[in-house]
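Notes for the one structure printed next.
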Amino acid sequence: MREQEPEANGDEVRALRRPGKSRFALQIVAVFLVLIGLVALFGTIHGLRQGWLIPSWQSLSDAQGSIIASLVTLYAAALAAIMGPLIFTGQISSMQAASEHALSTIDSQIQRLAEQLEHIRKVVRQTEAEIQIGVEAPFDPEKALLRLEGIREDATALAQSIVEKSRKHKPTKEKTKRKWPGRRPYYNTLFNLGFITEQQRNLFVKLSDTRLLKPADVTLEKLAAAEQALKELKSEPVRA
(Lines give C-alpha, C1' and ligand atoms only; values in the text may rest on other atoms or scores of the structure.)
Protein backbone atom coordinates (compact mmCIF):
# COMPACT_ATOMS: atom_id res chain seq x y z
CA MET A 1 0.00 0.00 0.00
CA ARG A 2 1.47 3.32 -1.08
CA GLU A 3 1.95 5.82 1.65
CA GLN A 4 -0.11 8.97 1.39
CA GLU A 5 2.01 12.07 0.67
CA PRO A 6 1.59 14.90 3.13
CA GLU A 7 -0.45 17.82 1.85
CA ALA A 8 1.37 21.09 1.41
CA ASN A 9 0.08 23.83 3.60
CA GLY A 10 -0.71 27.38 2.42
CA ASP A 11 2.71 28.83 3.25
CA GLU A 12 4.48 26.12 1.26
CA VAL A 13 2.25 26.65 -1.74
CA ARG A 14 2.89 30.40 -1.69
CA ALA A 15 6.63 29.78 -1.36
CA LEU A 16 6.53 27.52 -4.45
CA ARG A 17 4.67 30.13 -6.46
CA ARG A 18 6.91 33.08 -5.62
CA PRO A 19 9.80 32.12 -7.99
CA GLY A 20 7.42 32.12 -10.96
CA LYS A 21 6.08 35.55 -10.09
CA SER A 22 9.58 36.90 -9.50
CA ARG A 23 10.75 35.55 -12.86
CA PHE A 24 7.77 37.10 -14.65
CA ALA A 25 8.46 40.47 -13.02
CA LEU A 26 12.12 40.28 -14.05
CA GLN A 27 11.08 39.49 -17.63
CA ILE A 28 8.82 42.55 -17.75
CA VAL A 29 11.59 44.80 -16.41
CA ALA A 30 14.10 43.27 -18.86
CA VAL A 31 11.81 43.95 -21.85
CA PHE A 32 11.31 47.53 -20.65
CA LEU A 33 15.06 48.12 -20.28
CA VAL A 34 15.80 46.60 -23.70
CA LEU A 35 13.20 48.85 -25.32
CA ILE A 36 14.75 51.91 -23.66
CA GLY A 37 18.17 50.87 -24.95
CA LEU A 38 16.91 50.31 -28.49
CA VAL A 39 15.13 53.67 -28.56
CA ALA A 40 18.28 55.44 -27.30
CA LEU A 41 20.47 53.57 -29.80
CA PHE A 42 18.33 54.25 -32.85
CA GLY A 43 17.77 57.84 -31.73
CA THR A 44 21.54 58.38 -31.49
CA ILE A 45 22.15 56.78 -34.91
CA HIS A 46 19.39 58.88 -36.47
CA GLY A 47 20.73 62.06 -34.87
CA LEU A 48 24.27 61.41 -36.11
CA ARG A 49 23.12 60.58 -39.64
CA GLN A 50 20.83 63.61 -39.86
CA GLY A 51 23.41 65.87 -38.20
CA TRP A 52 21.17 67.48 -35.57
CA LEU A 53 22.89 65.63 -32.70
CA ILE A 54 26.46 66.60 -33.61
CA PRO A 55 26.34 70.27 -32.41
CA SER A 56 24.80 69.21 -29.09
CA TRP A 57 27.42 66.50 -28.65
CA GLN A 58 30.31 68.87 -29.42
CA SER A 59 29.01 71.50 -26.99
CA LEU A 60 28.75 69.10 -24.02
CA SER A 61 30.52 70.32 -20.89
CA ASP A 62 32.57 68.05 -18.63
CA ALA A 63 29.77 68.05 -16.06
CA GLN A 64 27.14 67.06 -18.64
CA GLY A 65 29.43 64.37 -20.03
CA SER A 66 29.92 62.98 -16.52
CA ILE A 67 26.16 62.81 -15.99
CA ILE A 68 25.60 61.00 -19.31
CA ALA A 69 28.38 58.52 -18.54
CA SER A 70 26.86 57.84 -15.11
CA LEU A 71 23.42 57.27 -16.63
CA VAL A 72 24.85 54.83 -19.20
CA THR A 73 26.69 52.98 -16.42
CA LEU A 74 23.51 52.84 -14.35
CA TYR A 75 21.54 51.49 -17.32
CA ALA A 76 24.17 48.85 -18.08
CA ALA A 77 24.32 47.74 -14.44
CA ALA A 78 20.52 47.49 -14.22
CA LEU A 79 20.28 45.52 -17.47
CA ALA A 80 23.07 43.14 -16.41
CA ALA A 81 21.54 42.66 -12.98
CA ILE A 82 18.14 41.80 -14.52
CA MET A 83 19.34 39.66 -17.45
CA GLY A 84 21.76 37.60 -15.35
CA PRO A 85 19.11 35.75 -13.33
CA LEU A 86 17.03 35.16 -16.48
CA ILE A 87 19.90 33.67 -18.49
CA PHE A 88 21.50 31.63 -15.70
CA THR A 89 18.36 30.52 -13.88
CA GLY A 90 19.71 27.02 -13.33
CA GLN A 91 22.79 28.33 -11.59
CA ILE A 92 20.89 30.52 -9.15
CA SER A 93 19.32 28.71 -6.27
CA SER A 94 16.96 31.45 -5.21
CA MET A 95 15.21 33.99 -7.41
CA GLN A 96 14.59 36.12 -4.35
CA ALA A 97 18.33 36.31 -3.68
CA ALA A 98 18.92 37.21 -7.33
CA SER A 99 16.33 39.98 -7.15
CA GLU A 100 17.89 41.37 -3.98
CA HIS A 101 21.29 41.32 -5.65
CA ALA A 102 19.89 43.20 -8.64
CA LEU A 103 18.27 45.83 -6.44
CA SER A 104 21.46 46.22 -4.42
CA THR A 105 23.48 46.79 -7.60
CA ILE A 106 21.00 49.37 -8.88
CA ASP A 107 20.90 51.16 -5.50
CA SER A 108 24.68 51.42 -5.39
CA GLN A 109 24.77 52.91 -8.89
CA ILE A 110 22.01 55.39 -8.01
CA GLN A 111 23.94 56.44 -4.88
CA ARG A 112 27.09 56.93 -6.94
CA LEU A 113 25.17 59.04 -9.47
CA ALA A 114 23.62 61.13 -6.67
CA GLU A 115 27.08 61.81 -5.20
CA GLN A 116 28.38 62.92 -8.59
CA LEU A 117 25.39 65.21 -9.11
CA GLU A 118 25.90 66.78 -5.67
CA HIS A 119 29.56 67.41 -6.48
CA ILE A 120 28.54 69.05 -9.76
CA ARG A 121 26.01 71.24 -7.91
CA LYS A 122 28.71 72.41 -5.49
CA VAL A 123 31.04 73.27 -8.37
CA VAL A 124 28.27 75.17 -10.16
CA ARG A 125 27.29 77.09 -6.99
CA GLN A 126 30.93 78.01 -6.34
CA THR A 127 31.42 79.15 -9.93
CA GLU A 128 28.25 81.26 -9.79
CA ALA A 129 29.41 82.85 -6.54
CA GLU A 130 32.82 83.64 -8.01
CA ILE A 131 31.19 85.28 -11.03
CA GLN A 132 28.68 87.17 -8.86
CA ILE A 133 31.18 88.79 -6.51
CA GLY A 134 34.25 88.75 -8.73
CA VAL A 135 36.58 86.80 -6.43
CA GLU A 136 39.82 85.64 -7.96
CA ALA A 137 40.82 82.02 -7.50
CA PRO A 138 42.09 80.58 -5.25
CA PHE A 139 39.74 81.77 -2.51
CA ASP A 140 41.58 83.59 0.32
CA PRO A 141 39.65 83.60 3.66
CA GLU A 142 41.75 86.47 5.06
CA LYS A 143 40.91 88.72 2.11
CA ALA A 144 37.28 87.61 2.39
CA LEU A 145 37.21 88.77 6.03
CA LEU A 146 38.48 92.20 4.96
CA ARG A 147 35.80 92.33 2.31
CA LEU A 148 33.13 91.41 4.87
CA GLU A 149 34.39 94.21 7.11
CA GLY A 150 33.92 96.64 4.24
CA ILE A 151 30.40 95.32 3.66
CA ARG A 152 29.54 95.87 7.33
CA GLU A 153 30.87 99.43 7.18
CA ASP A 154 28.74 100.13 4.10
CA ALA A 155 25.70 98.68 5.91
CA THR A 156 26.32 100.87 8.99
CA ALA A 157 26.66 103.97 6.82
CA LEU A 158 23.45 103.04 5.00
CA ALA A 159 21.55 102.65 8.29
CA GLN A 160 22.79 106.00 9.58
CA SER A 161 21.79 107.60 6.29
CA ILE A 162 18.28 106.17 6.66
CA VAL A 163 17.99 107.80 10.09
CA GLU A 164 19.28 111.15 8.83
CA LYS A 165 16.94 111.22 5.84
CA SER A 166 13.92 110.28 7.94
CA ARG A 167 11.27 112.90 8.71
CA LYS A 168 10.89 111.71 12.26
CA HIS A 169 11.32 114.17 15.10
CA LYS A 170 14.78 114.90 16.45
CA PRO A 171 14.14 113.33 19.90
CA THR A 172 13.28 110.07 18.14
CA LYS A 173 16.47 110.22 16.13
CA GLU A 174 18.47 110.94 19.28
CA LYS A 175 17.37 107.60 20.73
CA THR A 176 19.34 105.78 18.04
CA LYS A 177 22.58 107.32 19.31
CA ARG A 178 22.32 105.37 22.54
CA LYS A 179 23.30 102.20 20.71
CA TRP A 180 26.57 101.27 19.07
CA PRO A 181 26.11 101.66 15.28
CA GLY A 182 26.50 98.50 13.24
CA ARG A 183 25.60 96.10 16.05
CA ARG A 184 22.50 93.96 16.51
CA PRO A 185 20.95 96.18 19.29
CA TYR A 186 21.36 99.23 17.05
CA TYR A 187 19.38 97.67 14.22
CA ASN A 188 16.74 96.37 16.63
CA THR A 189 16.30 99.94 17.91
CA LEU A 190 15.91 101.27 14.36
CA PHE A 191 13.20 98.69 13.76
CA ASN A 192 11.38 99.39 17.03
CA LEU A 193 11.39 103.14 16.29
CA GLY A 194 10.04 102.56 12.78
CA PHE A 195 13.08 103.61 10.76
CA ILE A 196 13.44 100.25 8.97
CA THR A 197 11.21 97.33 8.12
CA GLU A 198 11.49 93.88 9.65
CA GLN A 199 13.04 92.55 6.46
CA GLN A 200 15.65 95.31 6.50
CA ARG A 201 16.39 94.64 10.18
CA ASN A 202 16.96 90.95 9.42
CA LEU A 203 19.37 91.78 6.59
CA PHE A 204 21.27 94.32 8.71
CA VAL A 205 21.56 91.81 11.59
CA LYS A 206 22.73 89.11 9.17
CA LEU A 207 25.56 91.37 8.04
CA SER A 208 26.37 92.44 11.59
CA ASP A 209 26.75 88.82 12.70
CA THR A 210 29.48 88.19 10.11
CA ARG A 211 31.92 89.91 12.51
CA LEU A 212 31.81 86.66 14.53
CA LEU A 213 33.24 84.62 11.66
CA LYS A 214 36.78 83.30 11.83
CA PRO A 215 38.96 82.62 8.77
CA ALA A 216 38.15 78.90 8.95
CA ASP A 217 34.41 79.70 8.90
CA VAL A 218 34.47 81.99 5.87
CA THR A 219 33.28 80.47 2.59
CA LEU A 220 32.65 81.81 -0.85
CA GLU A 221 28.91 81.20 -0.40
CA LYS A 222 28.80 83.29 2.82
CA LEU A 223 30.66 86.14 1.15
CA ALA A 224 28.28 86.05 -1.81
CA ALA A 225 25.29 86.02 0.57
CA ALA A 226 26.63 89.12 2.35
CA GLU A 227 27.12 90.91 -0.97
CA GLN A 228 23.53 90.03 -1.94
CA ALA A 229 22.15 91.23 1.40
CA LEU A 230 23.83 94.62 1.04
CA LYS A 231 22.55 94.88 -2.52
CA GLU A 232 18.99 94.24 -1.34
CA LEU A 233 19.31 96.84 1.42
CA LYS A 234 20.45 99.48 -1.03
CA SER A 235 17.50 98.75 -3.28
CA GLU A 236 14.93 99.08 -0.45
CA PRO A 237 12.99 102.38 -0.36
CA VAL A 238 13.70 104.68 2.60
CA ARG A 239 10.86 105.11 5.10
CA ALA A 240 9.52 108.58 5.74
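Each chain in the C-alpha coordinates gets a letter, A, B, ..., in the order shown, and its residues are numbered from 1; ligands are numbered from 1 in order too.
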Contact residues around range 150-155 of chain A with only C-alpha atoms at 7 Å, ignoring same-chain residues under 3 positions, as a ChimeraX atom specification: /A:146-147,158-159,204,207-208,230
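Atom to atom, CA of Leu103 in chain A and CA of Tyr75 in chain A stand 12.7 Å apart.
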Residue neighbourhood Val163 in chain A, 9 Å, only C-alpha atoms, exclusion window fewer than 2 positions, as a list in words: Leu158, Ala159, Gln160, Ser161, Lys165, Ser166, Arg167, Lys168, Lys173, Thr176, Leu190, Phe195 and Ile196 of chain A
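Residues in contact with range 211-214 of chain A at up to 12 Å, not including ones fewer than 2 positions away on its chain and judged by only C-alpha atoms, are Pro141, Glu142, Lys143, Ala144, Leu145, Leu146, Arg147, Leu148, Glu149, Gly150, Ile151, Arg152, Glu153, Gly182, Arg183, Arg184, Val205, Lys206, Leu207, Ser208, Asp209, Ala216, Asp217, Val218, Thr219, Lys222, Leu223 and Ala226 of chain A.
What separates CA of Ile120 in chain A from CA of Ile106 in chain A is a distance of 21.1 Å.
Counting only C-alpha atoms, the residue from A:Gln228, A:Gln116, A:Thr156, A:Gln109 that sits nearest to Thr73 in chain A is A:Gln109.
CA of Val72 in chain A to CA of His101 in chain A spans 19.5 Å [interatomic distance, one decimal].
With distances restricted to only C-alpha atoms, A:Leu79 is the closest residue to Leu35 in chain A from A:Ala114, A:Ala69, A:Leu203, A:Leu79.
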